[in-house]
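Shown next: structure.cif, containing mmCIF, C-alpha atoms.
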data_upload
loop_
_atom_site.label_atom_id
_atom_site.label_comp_id
_atom_site.auth_asym_id
_atom_site.auth_seq_id
_atom_site.Cartn_x
_atom_site.Cartn_y
_atom_site.Cartn_z
CA MET A 1 37.10 40.17 1.93
CA GLN A 2 35.08 37.95 -0.39
CA ASP A 3 34.17 34.52 0.93
CA ARG A 4 35.36 32.19 -1.85
CA SER A 5 34.11 29.06 -0.06
CA ARG A 6 30.55 29.90 -1.08
CA LYS A 7 29.41 28.99 -4.58
CA PRO A 8 28.19 31.95 -6.62
CA ARG A 9 24.44 32.03 -7.20
CA THR A 10 23.20 31.38 -10.67
CA ASN A 11 21.83 34.50 -12.31
CA PRO A 12 18.51 33.59 -14.00
CA ARG A 13 19.20 36.20 -16.67
CA ALA A 14 22.32 34.26 -17.71
CA VAL A 15 20.06 31.39 -18.80
CA SER A 16 18.78 31.80 -22.33
CA LEU A 17 15.12 32.65 -22.85
CA ASP A 18 14.66 29.45 -24.83
CA MET A 19 15.98 27.39 -21.93
CA GLN A 20 13.85 29.34 -19.46
CA ASP A 21 10.76 28.62 -21.56
CA ARG A 22 11.66 24.93 -21.64
CA LEU A 23 12.04 24.84 -17.84
CA VAL A 24 8.75 26.67 -17.30
CA ALA A 25 6.95 24.34 -19.72
CA ALA A 26 8.29 21.32 -17.81
CA ARG A 27 7.16 22.86 -14.55
CA LYS A 28 3.68 23.45 -15.93
CA GLN A 29 3.54 19.84 -17.08
CA HIS A 30 4.59 18.65 -13.61
CA PRO A 31 3.64 21.49 -11.25
CA ARG A 32 4.37 19.53 -8.07
CA TRP A 33 7.93 18.54 -8.99
CA GLY A 34 10.87 20.44 -7.60
CA PRO A 35 14.05 21.48 -9.49
CA LEU A 36 15.82 18.19 -8.62
CA LYS A 37 13.16 15.98 -10.22
CA LEU A 38 12.61 18.35 -13.13
CA ARG A 39 16.30 18.39 -14.04
CA ALA A 40 16.61 14.58 -13.92
CA TRP A 41 13.49 14.23 -16.07
CA LEU A 42 14.70 16.78 -18.65
CA VAL A 43 18.22 15.32 -18.87
CA GLU A 44 16.76 11.88 -19.53
CA ARG A 45 14.65 13.20 -22.42
CA HIS A 46 17.09 15.72 -23.92
CA PRO A 47 20.63 14.39 -23.37
CA GLN A 48 21.95 16.63 -26.16
CA LEU A 49 21.12 19.80 -24.21
CA SER A 50 23.04 21.40 -21.36
CA PHE A 51 20.70 22.24 -18.49
CA PRO A 52 21.39 24.61 -15.59
CA SER A 53 22.20 23.24 -12.16
CA VAL A 54 19.43 22.39 -9.70
CA SER A 55 19.91 25.75 -7.98
CA GLY A 56 19.89 27.50 -11.36
CA ILE A 57 16.58 25.86 -12.31
CA GLY A 58 15.17 26.91 -8.94
CA ALA A 59 16.27 30.49 -9.56
CA VAL A 60 14.61 30.54 -12.99
CA LEU A 61 11.36 29.16 -11.61
CA ARG A 62 11.32 31.69 -8.79
CA ARG A 63 11.91 34.57 -11.20
CA ARG A 64 9.12 33.37 -13.47
CA GLY A 65 6.67 33.05 -10.57
CA MET A 66 6.49 29.24 -10.72
CA THR A 67 7.29 28.55 -7.06
CA ALA A 68 6.08 29.82 -3.71
CA PRO A 69 8.44 30.46 -0.79
CA ARG A 70 8.33 27.76 1.87
CA LYS A 71 7.33 28.56 5.41
CA PRO A 72 10.20 28.06 7.87
CA ARG A 73 9.87 24.82 9.82
CA ARG A 74 10.10 24.82 13.59
CA SER A 75 12.93 22.54 14.64
CA ALA A 76 12.03 19.78 17.06
CA ALA A 77 13.45 20.03 20.56
CA ILE A 78 14.15 16.31 20.75
CA SER A 79 14.95 14.09 17.77
CA ALA A 80 13.45 10.63 18.16
CA THR A 81 15.04 7.57 16.58
CA ILE A 82 12.39 5.51 14.81
CA ALA A 83 13.08 1.97 13.65
CA PRO A 84 12.48 1.65 9.90
CA PRO A 85 9.16 -0.18 9.37
CA PHE A 86 10.44 -1.86 6.18
CA ALA A 87 13.81 -3.07 7.46
CA ASP A 88 13.20 -6.61 6.14
CA CYS A 89 12.14 -5.43 2.67
CA GLU A 90 15.20 -6.05 0.47
CA ARG A 91 13.79 -6.84 -2.98
CA PRO A 92 10.82 -5.87 -5.13
CA ASN A 93 7.71 -7.86 -4.21
CA ASP A 94 8.89 -8.59 -0.67
CA VAL A 95 6.09 -6.36 0.61
CA TRP A 96 3.11 -4.85 -1.17
CA CYS A 97 1.17 -2.13 0.63
CA MET A 98 -2.55 -1.63 0.08
CA ASP A 99 -5.11 0.75 1.48
CA PHE A 100 -8.00 3.05 0.67
CA LYS A 101 -7.14 6.72 0.45
CA GLY A 102 -9.74 8.93 2.10
CA TRP A 103 -12.92 9.13 0.05
CA PHE A 104 -14.09 12.25 -1.78
CA GLN A 105 -16.93 13.17 -4.11
CA THR A 106 -16.51 13.60 -7.83
CA HIS A 107 -18.23 16.60 -9.41
CA ASP A 108 -21.40 14.56 -10.05
CA GLY A 109 -21.76 13.96 -6.30
CA VAL A 110 -20.75 10.28 -6.27
CA LYS A 111 -18.35 9.07 -3.59
CA CYS A 112 -14.96 7.80 -4.77
CA TYR A 113 -12.80 5.49 -2.67
CA PRO A 114 -9.31 5.29 -4.26
CA PHE A 115 -7.80 1.83 -3.73
CA THR A 116 -4.00 1.92 -3.98
CA LEU A 117 -1.48 -0.93 -4.22
CA LEU A 118 2.22 -0.09 -3.97
CA ASP A 119 5.42 -2.16 -3.98
CA ALA A 120 7.29 -1.09 -0.84
CA LEU A 121 10.85 -1.28 -2.18
CA SER A 122 10.52 0.08 -5.73
CA ARG A 123 7.51 2.35 -4.97
CA MET A 124 5.92 0.93 -8.13
CA LEU A 125 2.25 1.90 -8.22
CA LEU A 126 0.68 -1.43 -9.13
CA ARG A 127 -2.94 -0.32 -8.97
CA CYS A 128 -4.83 2.93 -8.39
CA GLU A 129 -8.55 2.32 -8.77
CA ALA A 130 -11.52 4.64 -8.32
CA LEU A 131 -14.07 2.49 -6.47
CA THR A 132 -17.56 3.58 -5.49
CA GLU A 133 -17.38 1.62 -2.21
CA PRO A 134 -14.65 -0.17 -0.20
CA ASN A 135 -15.88 -3.61 -1.18
CA GLY A 136 -13.83 -6.78 -0.65
CA ASP A 137 -15.01 -8.37 -3.92
CA PHE A 138 -13.84 -5.32 -5.88
CA VAL A 139 -10.46 -5.39 -4.11
CA ARG A 140 -10.06 -9.11 -4.83
CA HIS A 141 -10.79 -8.45 -8.52
CA PHE A 142 -8.04 -5.84 -8.78
CA LEU A 143 -5.60 -7.91 -6.71
CA ASP A 144 -6.23 -10.83 -9.07
CA SER A 145 -5.45 -8.53 -12.00
CA ALA A 146 -2.24 -7.27 -10.33
CA PHE A 147 -1.12 -10.82 -9.49
CA ARG A 148 -1.54 -11.86 -13.13
CA GLU A 149 0.51 -8.89 -14.30
CA TYR A 150 3.28 -8.83 -11.69
CA GLY A 151 3.20 -12.23 -9.93
CA LEU A 152 2.67 -12.80 -6.21
CA PRO A 153 4.29 -10.83 -3.37
CA LYS A 154 5.66 -12.49 -0.25
CA ARG A 155 3.71 -10.23 2.11
CA VAL A 156 0.86 -7.74 1.90
CA ARG A 157 0.60 -4.94 4.46
CA SER A 158 -2.54 -2.99 5.34
CA ASP A 159 -4.35 -1.50 8.29
CA GLY A 160 -6.87 -3.39 10.38
CA GLY A 161 -9.93 -2.00 8.66
CA PRO A 162 -12.37 -3.73 6.30
CA PRO A 163 -12.25 -5.31 3.81
CA PHE A 164 -8.64 -6.28 4.60
CA PHE A 165 -9.44 -7.43 8.14
CA SER A 166 -12.63 -7.79 10.20
CA ALA A 167 -12.76 -6.92 13.88
CA ALA A 168 -15.79 -9.20 14.37
CA SER A 169 -14.05 -12.30 12.97
CA PRO A 170 -11.65 -14.71 14.74
CA ALA A 171 -8.02 -13.54 14.35
CA SER A 172 -9.55 -10.51 12.55
CA LEU A 173 -9.74 -12.50 9.32
CA SER A 174 -11.91 -11.42 6.41
CA ARG A 175 -12.86 -13.40 3.31
CA LEU A 176 -10.28 -11.43 1.38
CA GLY A 177 -7.64 -12.25 3.99
CA VAL A 178 -8.39 -15.98 3.92
CA TRP A 179 -8.01 -16.00 0.12
CA LEU A 180 -4.64 -14.23 0.34
CA LEU A 181 -3.45 -16.65 3.03
CA ARG A 182 -4.37 -19.64 0.88
CA LEU A 183 -2.29 -18.15 -1.95
CA GLY A 184 0.73 -18.43 0.36
CA ILE A 185 0.89 -14.68 1.08
CA VAL A 186 1.71 -13.45 4.58
CA LEU A 187 -0.74 -10.87 5.93
CA GLU A 188 0.72 -7.94 7.84
CA CYS A 189 -1.57 -5.68 9.85
CA ILE A 190 -0.14 -2.45 11.25
CA ALA A 191 -0.78 -1.48 14.86
CA PRO A 192 -3.87 0.66 15.56
CA ALA A 193 -3.25 4.41 15.20
CA LYS A 194 0.25 3.80 13.76
CA PRO A 195 -0.01 4.89 10.09
CA GLN A 196 3.78 5.37 9.98
CA GLN A 197 4.10 1.57 9.89
CA ASN A 198 2.71 1.81 6.37
CA GLY A 199 4.46 5.14 5.80
CA ARG A 200 5.49 4.68 2.18
CA LEU A 201 1.88 4.28 1.12
CA GLU A 202 0.77 7.14 3.36
CA ARG A 203 3.42 9.39 1.77
CA PHE A 204 2.27 8.31 -1.67
CA HIS A 205 -1.31 9.27 -0.83
CA ARG A 206 -0.09 12.79 -0.18
CA THR A 207 1.50 12.88 -3.64
CA LEU A 208 -1.65 11.47 -5.23
CA LYS A 209 -3.81 14.16 -3.62
CA LEU A 210 -1.48 16.93 -4.78
CA GLU A 211 -1.08 15.77 -8.38
CA VAL A 212 -4.51 14.38 -9.29
CA GLY A 213 -7.52 16.65 -9.00
CA VAL A 214 -11.20 15.79 -8.66
CA ALA A 215 -12.78 14.75 -11.97
CA ALA A 216 -16.30 15.00 -13.38
CA ASP A 217 -17.34 11.42 -12.61
CA ARG A 218 -15.91 8.00 -11.71
CA ARG A 219 -14.84 7.15 -15.27
CA ALA A 220 -13.06 10.46 -15.70
CA GLN A 221 -11.45 9.99 -12.28
CA GLN A 222 -10.16 6.57 -13.31
CA ARG A 223 -8.71 8.01 -16.52
CA ALA A 224 -6.91 10.64 -14.41
CA PHE A 225 -5.56 7.94 -12.08
CA ASP A 226 -4.37 5.82 -15.02
CA SER A 227 -2.60 8.78 -16.62
CA PHE A 228 -0.92 9.67 -13.33
CA ARG A 229 0.09 6.05 -12.75
CA GLY A 230 1.89 5.92 -16.11
CA ILE A 231 3.87 9.09 -15.37
CA TYR A 232 4.57 8.12 -11.74
CA ASN A 233 5.91 4.67 -12.65
CA SER A 234 7.83 5.39 -15.85
CA GLU A 235 8.77 9.08 -15.86
CA ARG A 236 8.71 10.70 -12.42
CA PRO A 237 12.17 10.56 -10.78
CA HIS A 238 11.96 9.30 -7.19
CA ALA A 239 14.37 10.77 -4.66
CA ALA A 240 14.54 7.57 -2.59
CA LEU A 241 15.52 5.59 -5.71
CA GLY A 242 18.41 7.80 -6.77
CA LEU A 243 16.24 9.90 -9.08
CA VAL A 244 15.11 7.06 -11.32
CA PRO A 245 11.42 6.16 -11.74
CA PRO A 246 9.96 3.11 -9.98
CA ALA A 247 9.71 1.10 -13.21
CA ALA A 248 13.52 1.16 -13.46
CA VAL A 249 13.78 -0.68 -10.14
CA HIS A 250 10.77 -2.98 -10.08
CA ARG A 251 10.94 -6.55 -11.42
CA ARG A 252 8.21 -9.13 -11.88
CA SER A 253 7.88 -11.60 -9.02
CA THR A 254 9.23 -15.13 -9.45
CA ARG A 255 6.18 -16.44 -7.59
CA GLN A 256 3.79 -17.34 -10.39
CA TYR A 257 0.04 -16.83 -10.44
CA PRO A 258 -2.47 -18.48 -10.82
CA ARG A 259 -1.47 -21.21 -8.41
CA ALA A 260 -3.18 -23.91 -6.36
CA LEU A 261 -4.60 -22.72 -3.05
CA LEU A 262 -2.90 -23.99 0.10
CA PRO A 263 -4.97 -26.45 2.17
CA THR A 264 -6.10 -25.34 5.62
CA SER A 265 -6.38 -28.83 7.15
CA ASP A 266 -2.73 -29.99 7.13
CA THR A 267 -2.44 -29.30 10.87
CA PRO A 268 -2.62 -32.56 12.89
CA GLY A 269 -5.77 -33.00 14.92
CA HIS A 270 -9.45 -33.52 14.39
CA THR A 271 -10.74 -31.53 11.42
CA GLU A 272 -14.21 -30.19 10.67
CA ARG A 273 -15.66 -28.28 7.75
CA ILE A 274 -17.41 -24.93 8.27
CA ASP A 275 -20.72 -24.66 6.43
CA ARG A 276 -21.49 -21.95 3.88
CA ARG A 277 -23.01 -19.69 6.53
CA GLY A 278 -20.02 -19.88 8.88
CA TRP A 279 -21.32 -22.47 11.38
CA LEU A 280 -19.32 -25.35 12.85
CA ARG A 281 -21.38 -28.47 13.68
CA TRP A 282 -19.64 -29.48 16.88
CA ARG A 283 -21.20 -32.24 18.95
CA PRO A 284 -24.83 -31.35 19.66
CA HIS A 285 -24.24 -27.59 19.53
CA PRO A 286 -23.69 -25.58 16.31
CA ILE A 287 -21.07 -22.87 16.88
CA PHE A 288 -20.80 -19.74 14.75
CA LEU A 289 -17.20 -18.98 13.68
CA GLY A 290 -17.89 -16.33 11.04
CA GLU A 291 -18.73 -16.03 7.34
CA ALA A 292 -15.10 -15.30 6.50
CA LEU A 293 -14.36 -18.98 7.21
CA ALA A 294 -17.26 -20.38 5.18
CA LEU A 295 -16.50 -23.76 3.54
CA GLU A 296 -13.00 -23.89 5.08
CA ARG A 297 -11.68 -26.80 7.13
CA VAL A 298 -10.44 -26.12 10.66
CA ALA A 299 -8.46 -28.30 13.05
CA LEU A 300 -9.47 -28.84 16.67
CA TRP A 301 -7.09 -29.65 19.51
CA PRO A 302 -8.06 -30.46 23.13
CA GLY A 303 -7.18 -27.67 25.53
CA ASP A 304 -7.68 -27.14 29.24
CA GLY A 305 -10.65 -28.99 30.72
CA ASP A 306 -13.46 -29.28 28.19
CA ALA A 307 -12.09 -26.52 25.94
CA TRP A 308 -10.91 -27.10 22.37
CA GLU A 309 -8.53 -24.90 20.41
CA VAL A 310 -9.56 -24.08 16.83
CA TYR A 311 -6.93 -23.58 14.11
CA LEU A 312 -6.98 -22.51 10.48
CA GLY A 313 -3.72 -24.09 9.35
CA SER A 314 -1.20 -22.78 11.88
CA ILE A 315 -3.36 -19.77 12.87
CA LEU A 316 -5.11 -19.98 16.22
CA LEU A 317 -8.68 -18.72 15.74
CA GLY A 318 -9.82 -19.12 19.34
CA HIS A 319 -11.20 -21.89 21.53
CA ILE A 320 -14.50 -23.63 22.07
CA ASP A 321 -15.82 -23.36 25.61
CA LEU A 322 -19.31 -24.79 25.99
CA SER A 323 -19.61 -23.22 29.44
CA THR A 324 -20.00 -19.79 27.79
CA GLU A 325 -23.24 -18.61 26.20
CA ARG A 326 -21.74 -18.32 22.72
CA GLY A 327 -19.66 -21.47 22.96
CA PHE A 328 -16.70 -19.96 21.11
CA VAL A 329 -14.15 -17.44 22.40
CA PRO A 330 -12.39 -15.89 19.36
CA ARG A 331 -8.80 -14.69 19.26
CA ARG A 332 -8.86 -10.91 19.15
CA ARG A 333 -6.38 -8.49 17.67
CA GLY A 334 -3.78 -7.13 20.08
CA LYS A 335 -2.45 -3.60 20.43
CA GLY A 336 0.62 -4.12 18.28
CA PRO A 337 1.19 -5.14 14.66
CA MET A 338 0.00 -8.56 13.59
CA ARG A 339 1.32 -11.12 11.10
CA LEU A 340 -0.70 -14.10 9.88
CA SER A 341 0.49 -16.94 7.66
CA LEU A 342 -0.53 -20.48 6.72
CA ILE A 343 3.04 -21.41 5.83
CA ASP A 344 4.67 -20.75 9.22
CA ALA A 345 3.63 -20.48 12.82
#
Reformat the file's structure so that it appears as structure tokens.
Amino acid sequence: MQDRSRKPRTNPRAVSLDMQDRLVAARKQHPRWGPLKLRAWLVERHPQLSFPSVSGIGAVLRRRGMTAPRKPRRSAAISATIAPPFADCERPNDVWCMDFKGWFQTHDGVKCYPFTLLDALSRMLLRCEALTEPNGDFVRHFLDSAFREYGLPKRVRSDGGPPFFSAASPASLSRLGVWLLRLGIVLECIAPAKPQQNGRLERFHRTLKLEVGVAADRRAQQRAFDSFRGIYNSERPHAALGLVPPAAVHRRSTRQYPRALLPTSDTPGHTERIDRRGWLRWRPHPIFLGEALALERVALWPGDGDAWEVYLGSILLGHIDLSTERGFVPRRRGKGPMRLSLIDA
């Protein structure tokens, strides 16, 4: 007896040769897209045509040698429930994610460090830059450009590596981080060895590696990144967005830029200014706090005994203890995620 509950498979030969050619051409244009994305993209551009179903497109591509069979996945013995790392991200520009994708060499032998900046909710690729080194000044330049184009985010998430954070600095702050804090942006640092806490950017890096090859030199690589960024934002259907591209979801932030920098000395207490080399002139002993805090004002509060707590706004940097050889005991990064802000405690 025939099982009528199962849908009949689409016969690729029932699809016209003209339609098959159109599907194959689309696949060649976007070789990493599956039938679901390809169909949504084609329907958007040719609404007057009647396209096969997703399974029908898959059958055509298999017959024309445009897909490879997937290896069967081994099912996990235990399914773990993982809390969503972006549970409090409800609107575009709530969280921007930034990181450096692993470096590679272009064909002329020069190292390329791709810097990526992604809106967590809309998946909008705000920047994808081919840098020759992971330099904080370069990152600040491209962040400044993105802020002028899209406005300011509420929070920026990254890992604990330079130039976003500095393990040698109090509260792991870098010069780049201090600038972002003074713009009123909350800094989020994922826990060590927990890349899933920035999973949307990590997943995007996989897509970037698959769809953009290695170019002849840095300029050619940047042209390839720019071309990909245009397609990714405005054309490529995204499964997590209901098969619309990120540009259909993203909106410009209401937080305008440029804006005045927040002061760092509003906290009550005695305040002192750090010199341009990162030294605090405290009583008879100069104390080194770090170059990331150069020319900033810090507040000092009396602690236990002769110790003094040092704050940048509401952020505890550490405490001065003249009984130690260095004179300053910095606050170090813990094992979990970290959030720093000048606008709340």
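We find CA of Ile274 (chain A) and CA of Leu295 (chain A) to be spaced 5.0 Å apart.
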For the structure provided, state which residues fall under the PyMOL selection byres ((chain A and resi 93) around 10), and present them as a list in words.
-> Cys89, Glu90, Arg91, Pro92, Asp94, Val95, Trp96, Cys97, Leu118, Asp119, Ala120, Leu121, Ser122, Met124, Tyr150, Gly151, Leu152, Pro153, Lys154, Arg155, Val156, His250, Arg251, Arg252, Ser253, Thr254 and Arg255 of chain A
Considering all atoms listed in the file, state which residue in the set A:Arg157, A:Arg182, A:His205, A:Arg64 is at the smallest distance from Asp21 (chain A).
->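 Ranking A:Arg157, A:Arg182, A:His205, A:Arg64 by distance to Asp21 (chain A), first place goes to A:Arg64.
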Using all atoms listed in the file, which of A:Asp321, A:Glu188, A:Asp159, A:Leu176 sits nearest Gly303 (chain A)?
->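 Of A:Asp321, A:Glu188, A:Asp159, A:Leu176, the one nearest Gly303 (chain A) is A:Asp321, counting all atoms listed in the file.
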Residues selected by the PyMOL selection byres ((chain A and resi 228-239) around 10), written as a VMD selection string | chain A and resid 30 33 36 to 41 44 to 45 122 to 128 207 to 208 211 to 212 222 to 227 240 to 250
Contacts of region 46-53 of chain A within 10 Å, only C-alpha atoms, excl. fewer than 6 positions in-chain, as a VMD selection string = chain A and resid 10 12 14 to 15 19 to 20 22 to 23 35 to 36 39 to 40 59 to 60
Mind giving me the straight-line distance from CA of Asp304 (chain A) to CA of Arg281 (chain A) in Å, one decimal?
->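 Distance between the two atoms: 20.8 Å.
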Shell of 9 Å around Ala307 (chain A), all atoms listed in the file, local chain residues under 5 positions omitted, as number ranges by chain | A: 301-302, 319-323
Please provide the set of residues having any atom within 9 Å of Gly102 (chain A), restricted to only C-alpha atoms, with same-chain residues fewer than 6 positions apart removed, written as an mmCIF file with C-alpha atoms, keeping the file's coordinate frame.
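Wrote part23.cif, looks like this:
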data_model
loop_
_atom_site.group_PDB
_atom_site.id
_atom_site.type_symbol
_atom_site.label_atom_id
_atom_site.label_comp_id
_atom_site.auth_asym_id
_atom_site.auth_seq_id
_atom_site.Cartn_x
_atom_site.Cartn_y
_atom_site.Cartn_z
ATOM 1 C CA CYS A 112 -14.960 7.800 -4.770
ATOM 2 C CA TYR A 113 -12.800 5.490 -2.670
ATOM 3 C CA PRO A 114 -9.310 5.290 -4.260
ATOM 4 C CA HIS A 205 -1.310 9.270 -0.830
#
